[in-house]
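*Asks:* Contents of work_34.csv (CSV, C-alpha atoms and all ligand atoms) are given next:
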```csv
chain,number,residue,atom,x,y,z
B,1097,MET,CA,-20.5,7.7,-2.4
B,1098,SER,CA,-17.6,7.9,0.0
B,1099,PHE,CA,-14.1,7.7,-1.3
B,1100,TRP,CA,-13.7,4.9,1.2
B,1101,ASP,CA,-16.1,2.7,-0.9
B,1102,LYS,CA,-13.6,2.9,-3.7
B,1103,ILE,CA,-10.8,1.3,-1.7
B,1104,ILE,CA,-10.0,-2.3,-2.2
B,1105,PHE,CA,-7.4,-3.8,0.2
B,1106,GLY,CA,-5.7,-7.1,-0.7
B,1107,SER,CA,-2.8,-8.9,-2.2
B,1108,ASP,CA,-4.4,-10.5,-5.1
B,1109,THR,CA,-4.9,-8.2,-8.2
B,1110,SER,CA,-8.0,-10.2,-9.2
B,1111,ALA,CA,-9.8,-8.2,-6.5
B,1112,PHE,CA,-10.2,-5.4,-9.1
B,1113,SER,CA,-10.8,-7.7,-12.1
B,1114,ARG,CA,-14.5,-6.5,-12.4
B,1115,PHE,CA,-13.1,-3.1,-13.6
B,1116,THR,CA,-10.6,-4.6,-16.1
B,1117,GLU,CA,-12.4,-7.6,-17.6
B,1118,GLY,CA,-13.6,-7.2,-21.2
B,1119,ARG,CA,-12.0,-3.9,-21.9
B,1120,LYS,CA,-8.7,-2.4,-23.0
B,1121,VAL,CA,-6.5,-1.6,-20.0
B,1122,PHE,CA,-3.4,0.6,-20.3
B,1123,ALA,CA,-1.1,0.5,-17.3
B,1124,ILE,CA,1.0,3.7,-16.7
B,1125,ILE,CA,3.6,2.1,-14.5
B,1126,ASP,CA,6.7,3.4,-12.6
B,1127,ARG,CA,9.9,1.9,-14.1
B,1128,ASN,CA,11.1,0.6,-10.7
B,1129,VAL,CA,7.7,-0.9,-9.9
B,1130,GLU,CA,7.6,-2.6,-13.3
B,1131,ARG,CA,11.0,-4.2,-12.5
B,1132,LEU,CA,9.8,-5.4,-9.1
B,1133,TYR,CA,6.2,-6.3,-9.7
B,1134,GLY,CA,5.6,-6.0,-13.4
B,1135,THR,CA,4.5,-9.6,-13.9
B,1136,LEU,CA,1.5,-9.0,-11.6
B,1137,PHE,CA,0.1,-6.6,-14.2
B,1138,PRO,CA,-0.4,-8.3,-17.5
B,1139,TYR,CA,-1.7,-5.2,-19.4
B,1140,GLU,CA,-0.4,-3.0,-22.2
B,1141,LYS,CA,2.1,-0.8,-20.5
B,1142,ILE,CA,3.4,2.7,-20.7
B,1143,VAL,CA,6.5,2.7,-18.5
B,1144,ILE,CA,7.5,6.1,-17.0
B,1145,ASP,CA,10.4,7.4,-14.9
B,1146,ALA,CA,8.9,8.7,-11.7
B,1147,THR,CA,10.5,12.1,-11.4
B,1148,GLU,CA,9.0,15.5,-10.6
B,1149,GLU,CA,10.3,16.6,-14.1
B,1150,ASN,CA,8.0,14.0,-15.7
B,1151,LYS,CA,5.0,15.1,-13.6
B,1152,THR,CA,4.5,18.0,-16.0
B,1153,PHE,CA,2.5,18.9,-19.0
B,1154,ASP,CA,5.4,17.5,-21.1
B,1155,GLY,CA,5.2,14.2,-19.2
B,1156,ALA,CA,1.4,14.1,-19.7
B,1157,ILE,CA,1.8,14.8,-23.4
B,1158,SER,CA,4.3,11.9,-23.7
B,1159,VAL,CA,1.7,9.5,-22.0
B,1160,ILE,CA,-1.0,10.8,-24.3
B,1161,ASP,CA,1.2,10.2,-27.4
B,1162,SER,CA,1.7,6.6,-26.2
B,1163,LEU,CA,-2.1,6.2,-25.7
B,1164,LEU,CA,-2.8,7.5,-29.2
B,1165,GLU,CA,-0.1,5.2,-30.7
B,1166,LYS,CA,-1.9,2.3,-28.9
B,1167,ASN,CA,-5.3,3.4,-30.2
B,1168,ALA,CA,-6.7,3.9,-26.7
B,1169,ASP,CA,-10.4,4.9,-27.1
B,1170,ARG,CA,-12.8,6.5,-24.6
B,1171,ASP,CA,-13.9,3.2,-23.2
B,1172,CYS,CA,-10.4,2.1,-22.0
B,1173,LEU,CA,-9.3,2.0,-18.4
B,1174,LEU,CA,-6.0,3.7,-17.4
B,1175,LEU,CA,-4.3,2.0,-14.4
B,1176,GLY,CA,-1.7,4.1,-12.6
B,1177,ILE,CA,0.8,1.8,-10.8
B,1178,GLY,CA,3.5,3.4,-8.6
B,1179,GLY,CA,4.1,6.2,-6.1
B,1180,GLY,CA,2.4,9.6,-5.8
B,1181,ILE,CA,4.2,10.9,-9.0
B,1182,THR,CA,2.6,8.1,-11.1
B,1183,THR,CA,-0.8,8.3,-9.4
B,1184,ASP,CA,-1.0,12.1,-9.8
B,1185,LEU,CA,0.1,12.0,-13.5
B,1186,THR,CA,-2.2,9.1,-14.3
B,1187,GLY,CA,-5.2,10.9,-12.7
B,1188,PHE,CA,-4.3,14.0,-14.6
B,1189,VAL,CA,-4.1,12.3,-18.0
B,1190,ALA,CA,-7.3,10.3,-17.3
B,1191,SER,CA,-9.2,13.5,-16.6
B,1192,ILE,CA,-8.2,15.2,-19.9
B,1193,TYR,CA,-7.5,12.3,-22.4
B,1194,LYS,CA,-10.5,12.4,-24.9
B,1195,ARG,CA,-12.2,14.6,-22.3
B,1196,GLY,CA,-12.0,12.0,-19.6
B,1197,VAL,CA,-11.6,8.2,-19.3
B,1198,GLU,CA,-12.0,6.0,-16.3
B,1199,TYR,CA,-9.0,5.2,-14.2
B,1200,GLY,CA,-7.9,3.0,-11.4
B,1201,LEU,CA,-4.9,3.3,-9.0
B,1202,VAL,CA,-2.5,0.9,-7.5
B,1203,PRO,CA,-0.3,3.0,-5.2
B,1204,THR,CA,2.9,1.2,-4.3
B,1205,THR,CA,4.6,3.7,-1.8
B,1206,LEU,CA,3.3,4.2,1.8
B,1207,LEU,CA,2.8,7.9,1.0
B,1208,ALA,CA,0.7,7.1,-2.1
B,1209,GLN,CA,-1.3,4.4,-0.3
B,1210,THR,CA,-2.3,6.7,2.6
B,1211,ASP,CA,-2.2,10.1,0.9
B,1212,ALA,CA,-1.5,10.8,-2.8
B,1213,ALA,CA,-4.0,8.2,-4.2
B,1214,ILE,CA,-6.7,9.2,-1.8
B,1215,GLY,CA,-9.2,12.0,-2.3
B,1216,GLY,CA,-9.3,12.6,-6.1
B,1217,LYS,CA,-6.7,15.4,-6.5
B,1218,THR,CA,-4.6,15.1,-9.7
B,1219,ALA,CA,-1.6,17.4,-10.4
B,1220,VAL,CA,1.3,18.4,-12.6
B,1221,ASN,CA,4.1,20.8,-11.9
B,1222,VAL,CA,4.5,23.9,-14.1
B,1223,SER,CA,7.7,26.1,-14.3
B,1224,ARG,CA,9.1,24.2,-11.3
B,1225,ILE,CA,6.1,25.1,-9.1
B,1226,LYS,CA,4.8,21.9,-7.6
B,1227,ASN,CA,1.2,20.8,-8.2
B,1228,VAL,CA,0.2,24.2,-9.6
B,1229,ALA,CA,-2.1,22.7,-12.3
B,1230,GLY,CA,-4.5,19.8,-11.9
B,1231,THR,CA,-8.0,18.6,-11.6
B,1232,PHE,CA,-10.4,16.9,-9.2
B,1233,GLY,CA,-11.4,13.6,-10.6
B,1234,ASN,CA,-12.0,10.4,-8.7
B,1235,PRO,CA,-10.6,7.0,-9.7
B,1236,ALA,CA,-13.0,4.1,-10.1
B,1237,PHE,CA,-11.1,2.2,-7.5
B,1238,VAL,CA,-7.8,2.3,-5.5
B,1239,PHE,CA,-6.2,-1.1,-4.9
B,1240,ILE,CA,-4.0,-1.1,-1.8
B,1241,ASN,CA,-1.6,-4.0,-1.2
B,1242,PRO,CA,0.5,-3.1,1.9
B,1243,GLY,CA,3.0,-5.8,0.9
B,1244,PHE,CA,4.4,-3.4,-1.8
B,1245,ILE,CA,5.9,-1.1,0.7
B,1246,LYS,CA,8.4,-3.8,1.9
B,1247,THR,CA,10.7,-2.9,-1.0
B,1248,LEU,CA,10.8,0.9,-0.3
B,1249,SER,CA,14.1,2.5,0.6
B,1250,GLY,CA,14.4,3.8,4.2
B,1251,GLU,CA,14.0,7.4,3.0
B,1252,GLU,CA,10.8,6.7,1.0
B,1253,LEU,CA,9.3,4.7,3.9
B,1254,ASN,CA,10.1,7.5,6.3
B,1255,SER,CA,8.3,10.0,4.0
B,1256,GLY,CA,5.2,7.9,4.3
B,1257,ILE,CA,5.6,7.4,8.0
B,1258,PHE,CA,5.8,11.1,8.8
B,1259,GLU,CA,2.8,11.9,6.5
B,1260,MET,CA,0.9,9.2,8.3
B,1261,LEU,CA,1.9,10.5,11.8
B,1262,LYS,CA,0.7,13.9,10.4
B,1263,ILE,CA,-2.8,12.6,9.6
B,1264,PHE,CA,-3.1,10.9,13.0
B,1265,ILE,CA,-2.1,14.2,14.7
B,1266,ILE,CA,-4.9,15.8,12.7
B,1267,GLY,CA,-7.6,13.4,13.9
B,1268,ASN,CA,-6.7,10.0,15.4
B,1269,ARG,CA,-4.8,10.1,18.7
B,1270,GLU,CA,-5.1,6.4,19.3
B,1271,TYR,CA,-3.4,5.5,16.0
B,1272,TYR,CA,-0.7,8.1,16.5
B,1273,TYR,CA,0.5,6.3,19.6
B,1274,ARG,CA,-0.1,2.9,18.1
B,1275,THR,CA,2.1,3.7,15.1
B,1276,LEU,CA,4.9,5.1,17.4
B,1277,ASP,CA,4.7,2.0,19.5
B,1278,LEU,CA,4.9,-0.2,16.5
B,1279,LEU,CA,8.0,1.6,15.2
B,1280,LEU,CA,9.7,1.6,18.6
B,1281,ASP,CA,9.1,-2.1,18.9
B,1282,GLY,CA,10.9,-2.5,15.6
B,1283,GLY,CA,7.7,-3.6,13.9
B,1284,PHE,CA,6.6,-2.9,10.3
B,1285,ILE,CA,3.7,-0.6,9.3
B,1286,ASP,CA,0.8,-3.0,9.1
B,1287,GLU,CA,-2.5,-3.0,7.3
B,1288,TYR,CA,-4.5,-1.8,10.3
B,1289,VAL,CA,-2.4,1.4,10.5
B,1290,ILE,CA,-2.7,2.0,6.8
B,1291,LYS,CA,-6.4,1.5,6.9
B,1292,ALA,CA,-6.8,3.9,9.8
B,1293,ALA,CA,-4.9,6.6,7.9
B,1294,VAL,CA,-6.8,6.0,4.7
B,1295,ARG,CA,-10.1,6.1,6.5
B,1296,LEU,CA,-9.3,9.5,8.1
B,1297,LYS,CA,-8.2,11.0,4.8
B,1298,CYS,CA,-11.4,9.8,3.2
B,1299,ASP,CA,-13.5,11.3,5.9
B,1300,ILE,CA,-11.8,14.7,5.6
B,1301,THR,CA,-11.9,14.7,1.8
B,1302,ASP,CA,-15.5,13.5,1.6
B,1303,GLU,CA,-16.5,16.4,3.8
B,1304,ASP,CA,-14.6,19.1,1.8
B,1305,TYR,CA,-13.8,17.6,-1.6
B,1306,THR,CA,-12.7,20.9,-3.3
B,1307,GLU,CA,-10.6,22.1,-0.4
B,1308,HIS,CA,-12.3,25.2,0.8
B,1309,GLY,CA,-12.3,24.3,4.5
B,1310,ARG,CA,-11.5,21.2,6.5
B,1311,ARG,CA,-9.3,19.6,3.8
B,1312,LYS,CA,-6.8,22.4,4.3
B,1313,LEU,CA,-6.0,20.9,7.7
B,1314,LEU,CA,-4.1,18.2,5.7
B,1315,ASN,CA,-1.5,21.0,5.2
B,1316,LEU,CA,-0.3,20.6,8.8
B,1317,GLY,CA,3.5,21.1,8.7
B,1318,HIS,CA,3.6,21.7,5.0
B,1319,THR,CA,4.0,25.4,4.8
B,1320,PHE,CA,7.2,25.1,6.8
B,1321,ALA,CA,8.1,21.9,5.0
B,1322,HIS,CA,8.0,23.5,1.6
B,1323,ALA,CA,10.2,26.4,2.8
B,1324,ILE,CA,12.7,23.9,4.3
B,1325,GLU,CA,12.8,21.7,1.2
B,1326,SER,CA,13.2,24.6,-1.2
B,1327,ALA,CA,15.8,26.5,1.0
B,1328,SER,CA,17.9,23.4,1.3
B,1329,GLY,CA,17.9,23.0,-2.5
B,1330,TRP,CA,15.8,19.8,-2.0
B,1331,LYS,CA,18.6,18.1,-0.1
B,1332,ILE,CA,16.4,17.6,2.9
B,1333,SER,CA,13.9,14.8,2.2
B,1334,HIS,CA,10.1,15.6,2.1
B,1335,GLY,CA,9.5,13.3,5.1
B,1336,GLU,CA,12.0,15.0,7.3
B,1337,ALA,CA,10.8,18.4,6.2
B,1338,VAL,CA,7.2,17.5,7.1
B,1339,ALA,CA,8.3,16.2,10.5
B,1340,ILE,CA,10.2,19.4,11.3
B,1341,GLY,CA,7.4,21.4,9.8
B,1342,ILE,CA,4.9,19.8,12.3
B,1343,VAL,CA,7.3,20.6,15.2
B,1344,LEU,CA,7.5,24.2,14.0
B,1345,ALA,CA,3.7,24.4,13.6
B,1346,ALA,CA,3.5,23.3,17.3
B,1347,ARG,CA,6.1,25.9,18.3
B,1348,LEU,CA,4.1,28.6,16.5
B,1349,GLY,CA,0.9,27.4,18.2
B,1350,GLU,CA,2.7,27.6,21.6
B,1351,LYS,CA,3.8,31.2,20.8
B,1352,TYR,CA,0.2,32.2,20.2
B,1353,SER,CA,-1.1,30.1,23.2
B,1354,VAL,CA,-3.1,27.8,21.0
B,1355,THR,CA,-0.9,24.8,21.5
B,1356,PRO,CA,-0.1,23.6,25.1
B,1357,ALA,CA,3.4,24.5,26.2
B,1358,GLY,CA,5.8,21.6,25.6
B,1359,LEU,CA,4.0,19.9,22.8
B,1360,ALA,CA,6.6,20.9,20.2
B,1361,LYS,CA,9.4,19.3,22.3
B,1362,THR,CA,7.4,16.2,22.8
B,1363,LEU,CA,6.6,15.8,19.1
B,1364,LEU,CA,10.3,16.3,18.2
B,1365,LYS,CA,11.2,13.5,20.7
B,1366,ASP,CA,8.5,11.2,19.2
B,1367,PHE,CA,9.7,11.9,15.6
B,1368,ARG,CA,13.3,11.3,16.6
B,1369,SER,CA,12.3,7.9,18.1
B,1370,ALA,CA,10.6,7.2,14.8
B,1371,GLY,CA,13.8,7.8,12.9
B,1372,LEU,CA,14.0,11.6,12.2
B,1373,SER,CA,17.5,13.1,12.1
B,1374,VAL,CA,17.4,16.8,12.7
B,1375,PRO,CA,18.9,18.8,9.8
B,1376,GLU,CA,21.3,21.7,10.2
B,1377,PHE,CA,19.7,25.0,9.1
B,1378,THR,CA,22.3,27.3,7.7
B,1379,ASN,CA,20.5,29.7,5.3
B,1380,SER,CA,17.9,31.4,7.4
B,1381,ASP,CA,17.3,34.2,4.8
B,1382,ALA,CA,16.4,31.6,2.2
B,1383,LEU,CA,14.0,29.9,4.7
B,1384,VAL,CA,12.2,33.2,5.5
B,1385,ASN,CA,12.0,34.1,1.7
B,1386,ALA,CA,10.6,30.7,0.8
B,1387,LEU,CA,8.0,31.1,3.5
B,1388,TYR,CA,7.1,34.6,2.4
B,1389,ASN,CA,6.7,33.4,-1.2
B,1390,ASP,CA,4.3,30.6,-0.2
B,1391,LYS,CA,1.4,30.2,-2.5
B,1392,LYS,CA,-1.0,30.0,0.4
B,1393,ARG,CA,-0.1,33.5,1.6
B,1394,ASP,CA,-3.0,35.9,1.6
B,1395,GLY,CA,-1.8,39.4,1.8
B,1396,ASP,CA,0.6,39.5,4.8
B,1397,LYS,CA,-0.9,36.5,6.5
B,1398,ILE,CA,-0.2,32.8,6.1
B,1399,LEU,CA,-2.9,30.3,7.2
B,1400,PHE,CA,-1.0,27.8,9.3
B,1401,VAL,CA,-2.5,24.6,10.8
B,1402,VAL,CA,-1.4,24.1,14.4
B,1403,PRO,CA,-2.0,21.3,16.9
B,1404,ARG,CA,-4.2,21.9,19.9
B,1405,SER,CA,-3.2,18.4,21.1
B,1406,VAL,CA,-2.3,15.1,19.4
B,1407,GLY,CA,-5.5,14.3,17.4
B,1408,ASP,CA,-6.9,17.8,17.2
B,1409,VAL,CA,-5.7,20.7,15.1
B,1410,THR,CA,-6.9,24.2,14.1
B,1411,PHE,CA,-6.2,27.1,11.8
B,1412,LEU,CA,-4.0,30.0,12.9
B,1413,PRO,CA,-3.4,33.0,10.5
B,1414,VAL,CA,0.0,34.5,11.2
B,1415,SER,CA,1.8,37.4,9.6
B,1416,ALA,CA,4.8,36.2,7.6
B,1417,ASN,CA,6.8,39.0,9.1
B,1418,ASP,CA,6.4,37.4,12.6
B,1419,ILE,CA,8.7,34.5,11.7
B,1420,ASN,CA,12.4,35.0,11.4
B,1421,GLY,CA,15.2,32.6,10.4
B,1422,SER,CA,16.1,31.5,13.9
B,1423,PHE,CA,12.5,30.2,14.4
B,1424,PHE,CA,13.4,27.3,12.2
B,1425,ASP,CA,16.3,26.0,14.3
B,1426,VAL,CA,14.8,23.4,16.6
B,1427,LYS,CA,18.1,22.6,18.5
B,1428,ASP,CA,16.8,24.2,21.7
B,1429,LEU,CA,14.0,21.6,21.7
B,1430,LEU,CA,16.4,18.7,21.7
B,1501,LIG,N1,-2.7,14.1,-5.1
B,1501,LIG,C1,-2.5,14.2,-3.8
B,1501,LIG,O1,-3.4,14.4,-3.0
B,1501,LIG,C2,-1.1,14.1,-3.2
B,1501,LIG,C3,-0.9,14.0,-1.9
B,1501,LIG,C4,0.4,13.9,-1.4
B,1501,LIG,C5,1.5,13.8,-2.3
B,1501,LIG,N2,1.3,13.9,-3.6
B,1501,LIG,C6,2.4,13.8,-4.6
B,1501,LIG,O2,3.0,12.5,-4.5
B,1501,LIG,C7,4.3,12.6,-5.0
B,1501,LIG,C8,5.3,11.9,-4.0
B,1501,LIG,O3,4.9,10.6,-4.0
B,1501,LIG,P1,5.9,9.4,-3.6
B,1501,LIG,O4,6.6,9.8,-2.3
B,1501,LIG,O5,5.1,8.1,-3.6
B,1501,LIG,O6,7.0,9.5,-4.7
B,1501,LIG,P2,7.4,8.7,-6.0
B,1501,LIG,O7,6.2,8.4,-6.9
B,1501,LIG,O8,8.5,9.5,-6.6
B,1501,LIG,O9,8.0,7.3,-5.5
B,1501,LIG,C9,9.1,7.4,-4.7
B,1501,LIG,C10,10.2,6.4,-5.2
B,1501,LIG,O10,9.8,5.1,-4.8
B,1501,LIG,C11,9.9,4.2,-5.9
B,1501,LIG,N3,8.9,3.2,-5.7
B,1501,LIG,C12,7.6,3.2,-5.8
B,1501,LIG,N4,7.0,2.1,-5.3
B,1501,LIG,C13,8.0,1.3,-4.9
B,1501,LIG,C14,8.1,0.0,-4.3
B,1501,LIG,N5,6.9,-0.6,-3.9
B,1501,LIG,N6,9.3,-0.5,-3.9
B,1501,LIG,C15,10.4,0.2,-4.2
B,1501,LIG,N7,10.4,1.4,-4.8
B,1501,LIG,C16,9.2,2.0,-5.1
B,1501,LIG,C17,9.7,5.1,-7.1
B,1501,LIG,O11,10.3,4.5,-8.3
B,1501,LIG,C18,10.4,6.4,-6.7
B,1501,LIG,O12,11.8,6.3,-7.0
B,1501,LIG,C19,4.7,14.1,-5.1
B,1501,LIG,O13,4.7,14.5,-6.4
B,1501,LIG,C20,3.5,14.8,-4.4
B,1501,LIG,O14,3.2,16.1,-4.9
B,1501,LIG,C21,0.0,14.0,-4.1
```
Kindly transcribe the structure held in the file into structure tokens.
*Replies:*
Amino acid sequence: MSFWDKIIFGSDTSAFSRFTEGRKVFAIIDRNVERLYGTLFPYEKIVIDATEENKTFDGAISVIDSLLEKNADRDCLLLGIGGGITTDLTGFVASIYKRGVEYGLVPTTLLAQTDAAIGGKTAVNVSRIKNVAGTFGNPAFVFINPGFIKTLSGEELNSGIFEMLKIFIIGNREYYYRTLDLLLDGGFIDEYVIKAAVRLKCDITDEDYTEHGRRKLLNLGHTFAHAIESASGWKISHGEAVAIGIVLAARLGEKYSVTPAGLAKTLLKDFRSAGLSVPEFTNSDALVNALYNDKKRDGDKILFVVPRSVGDVTFLPVSANDINGSFFDVKDLL
């Protein structure tokens, strides 16, 4: 079964009632989402604060304690309602509680609708290392209501937009330009764009569920982005870091003649028109150290993903020593 077959688009929560009727449902719901949309979900609730500190073993134990208090048995359904923090944590708890219970997801951020809730990866952070523990375990369904994203802050929306542009650079040129045009016209991300992004992520994860090959392409821009986020002390948002990371991946590809000359500059121009503000990079040593400590490093080499064009990417192993601090400064591309 393709992951795509688990996706239910709509605005009426009765669309997933066949999974909830006649059984105990426990909603693990983000506190902000509960405040905004709680009345749509008339289930027993475990309300969580969506922070990376709570997406941990301690956070999972706290949810499990609540499930035990509520006498949740193996036949219950867990429903994760919120952004990627909530969907990752719910999936993780569902895969270990009483050796596994069924779960459904209602992602409410653009990033969770198009990325985090798709593909069956669950995760928690350990010792401040993100997503270092987790499981593969598919939800029974994912309910996507694009209307939820209307209440996101600008920064949260941008995170989703840049991740979506990333997936289109990986494999859907038409929708890359369609999304840019929509944003330039002042339009809002619509259901068609979300569907195209979800479809592409499903296709990639169906083909390589456990991430030994093609699924790694989804890391486009992320090796640089993690270095940028951590060197900035997490002051630069994930969305901005991913956007700059994609530009740097293109610059790297150009340096090794895999990416056509000029693509890094064009992508930066596109992203700025989509709302990216280019951050100041001051601590170049921290950037290079963060890159060198990347968990995907294999010996001296880091496996980067670089674009061959918009809609086509490939792997490029590069020695971490080949990248110095000034490589990160994209001002010359402005
Ligand atoms: N499992 C995967 O494959 C995968 C993929 C990508 C990202 N992730 C994970 O996803 C997480 C990030 O997800 P995120 O960006 O959704 O963050 P998040 O869950 O922290 O949500 C972002 C913020 O938006 C708020 N929010 C959620 N829905 C809202 C709504 N409809 N209206 C207003 N506010 C709303 C939340 O309360 C929170 O403050 C990270 O932990 C990342 O590791 C997982």
*Asks:* Would you pick out the contacts of region 1142-1159 of chain B at 9 Å or less, using only C-alpha atoms, so that residues sharing its chain but fewer than 6 positions from it are not included, and give the list as a PyMOL selection string?
*Replies:* chain B and resi 1122-1128+1130+1178-1182+1184-1186+1188-1189+1219-1224+1226-1227+1229
*Asks:* Using only C-alpha atoms, can you tell me which of B:Gly1421, B:Pro1356, B:Pro1242, B:Gly1283 comes closest to Val1384 (chain B)?
*Replies:*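 Ranked by minimum distance to Val1384 (chain B), first place goes to B:Gly1421.
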*Asks:* Of the residues B:Leu1412, B:Pro1235, B:Ser1255, B:Gly1407, which is the one nearest to Lys1351 (chain B), using only C-alpha atoms?
*Replies:* B:Leu1412
*Asks:* Which residue gives the smallest distance to ligand LIG 1501 (chain B) among B:Gly1196, B:Gly1106, B:Gly1335, B:Gly1317, with only C-alpha atoms and all ligand atoms counted?
*Replies:*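 With only C-alpha atoms and all ligand atoms as the atom set, the closest residue is B:Gly1335.
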*Asks:* Kindly extract all protein, DNA and RNA residues lying within 10 Å of the coordinates (-0.8, 20.6, 3.3) given in the file, considering all atoms listed in the file, and supply them as a short mmCIF file (atom, residue, chain, number, x, y, z; two decimals) with C-alpha atoms, in the coordinates of the input.
*Replies:*
```cif
data_model
loop_
_atom_site.label_atom_id
_atom_site.label_comp_id
_atom_site.auth_asym_id
_atom_site.auth_seq_id
_atom_site.Cartn_x
_atom_site.Cartn_y
_atom_site.Cartn_z
CA GLU B 1259 2.80 11.90 6.50
CA LYS B 1262 0.70 13.90 10.40
CA ARG B 1311 -9.30 19.60 3.80
CA LYS B 1312 -6.80 22.40 4.30
CA LEU B 1313 -6.00 20.90 7.70
CA LEU B 1314 -4.10 18.20 5.70
CA ASN B 1315 -1.50 21.00 5.20
CA LEU B 1316 -0.30 20.60 8.80
CA GLY B 1317 3.50 21.10 8.70
CA HIS B 1318 3.60 21.70 5.00
CA THR B 1319 4.00 25.40 4.80
CA PHE B 1320 7.20 25.10 6.80
CA ALA B 1321 8.10 21.90 5.00
CA HIS B 1322 8.00 23.50 1.60
CA VAL B 1338 7.20 17.50 7.10
CA LYS B 1392 -1.00 30.00 0.40
CA PHE B 1400 -1.00 27.80 9.30
CA VAL B 1401 -2.50 24.60 10.80
#
```
*Asks:* Which one of B:Asp1281, B:Ile1240, B:Thr1218, B:Asn1268 sits closest to Leu1201 (chain B) if you count only C-alpha atoms?
*Replies:* B:Ile1240
*Asks:* Tell me which residues come within 12 Å of (-7.8, -5.5, -9.2), as an MDAnalysis selection string, counting all atoms listed in the file in the file's coordinates.
*Replies:* chainID B and resid 1102:1117 1121 1136:1139 1173 1175:1177 1199:1202 1236:1241
*Asks:* Return the single residue from B:Ser1191, B:Ser1098, B:Thr1247, B:Asn1234 that is closest to ligand LIG 1501 (chain B), with distances computed using all atoms listed in the file.
*Replies:*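 Closest to ligand LIG 1501 (chain B) of all the choices is B:Thr1247.
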*Asks:* If you measure from CA of Ile1160 (chain B) to CA of Tyr1193 (chain B), what distance in Å do you get, rounded to one decimal?
*Replies:*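 About the pair CA of Ile1160 (chain B) and CA of Tyr1193 (chain B): they are 6.9 Å apart.
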*Asks:* Under the rule that only C-alpha atoms and all ligand atoms are counted, which of B:Asp1169, B:Glu1270, B:Glu1307, B:Glu1287 is the nearest residue to ligand LIG 1501 (chain B)?
*Replies:*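 Distance minimum relative to ligand LIG 1501 (chain B) lands on B:Glu1307.
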*Asks:* Can you pull out the residues contacting Asp1286 (chain B)? Cut-off 12 Å, using all atoms listed in the file, and skip same-chain residues under 3 positions away; I want them as a list of chain:residue names.
*Replies:* B:Leu1206, B:Asn1241, B:Pro1242, B:Gly1243, B:Phe1244, B:Ile1245, B:Lys1246, B:Ile1257, B:Tyr1271, B:Arg1274, B:Thr1275, B:Leu1278, B:Leu1279, B:Gly1283, B:Val1289, B:Ile1290, B:Lys1291, B:Ala1292, B:Ala1293
*Asks:* What does the distance between CA of Gly1329 (chain B) and CA of Asn1254 (chain B) come to in Å, to one decimal place?
*Replies:* 19.5 Å
*Asks:* Tell me which protein, DNA and RNA residues are within 10 Å of Glu1336 (chain B), counting only C-alpha atoms, leaving out same-chain ones fewer than 4 positions away, and put them as an mmCIF file with C-alpha atoms, keeping the file's coordinate frame.
*Replies:*
```
data_model
loop_
_atom_site.group_PDB
_atom_site.id
_atom_site.type_symbol
_atom_site.label_atom_id
_atom_site.label_comp_id
_atom_site.auth_asym_id
_atom_site.auth_seq_id
_atom_site.Cartn_x
_atom_site.Cartn_y
_atom_site.Cartn_z
ATOM 1 C CA GLU B 1251 14.000 7.400 3.000
ATOM 2 C CA ASN B 1254 10.100 7.500 6.300
ATOM 3 C CA SER B 1255 8.300 10.000 4.000
ATOM 4 C CA ILE B 1257 5.600 7.400 8.000
ATOM 5 C CA PHE B 1258 5.800 11.100 8.800
ATOM 6 C CA GLU B 1259 2.800 11.900 6.500
ATOM 7 C CA ALA B 1321 8.100 21.900 5.000
ATOM 8 C CA ILE B 1324 12.700 23.900 4.300
ATOM 9 C CA GLU B 1325 12.800 21.700 1.200
ATOM 10 C CA ILE B 1332 16.400 17.600 2.900
ATOM 11 C CA ILE B 1340 10.200 19.400 11.300
ATOM 12 C CA GLY B 1341 7.400 21.400 9.800
ATOM 13 C CA ILE B 1342 4.900 19.800 12.300
ATOM 14 C CA PHE B 1367 9.700 11.900 15.600
ATOM 15 C CA GLY B 1371 13.800 7.800 12.900
ATOM 16 C CA LEU B 1372 14.000 11.600 12.200
ATOM 17 C CA SER B 1373 17.500 13.100 12.100
ATOM 18 C CA VAL B 1374 17.400 16.800 12.700
ATOM 19 C CA PRO B 1375 18.900 18.800 9.800
#
```
*Asks:* In Å, how far is it from CA of Lys1361 (chain B) to CA of Asn1420 (chain B)?
*Replies:*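 A separation of 19.3 Å between them.
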*Asks:* With all atoms of region 1413-1418 of chain B from the file as input, state the centre and edge lengths in Å to one decimal of the axis-aligned box that has 6 Å extra on each side, as AutoDock Vina command-line options.
*Replies:*
```
--center_x 1.7 --center_y 36.0 --center_z 10.1 --size_x 22.2 --size_y 18.0 --size_z 17.0
```
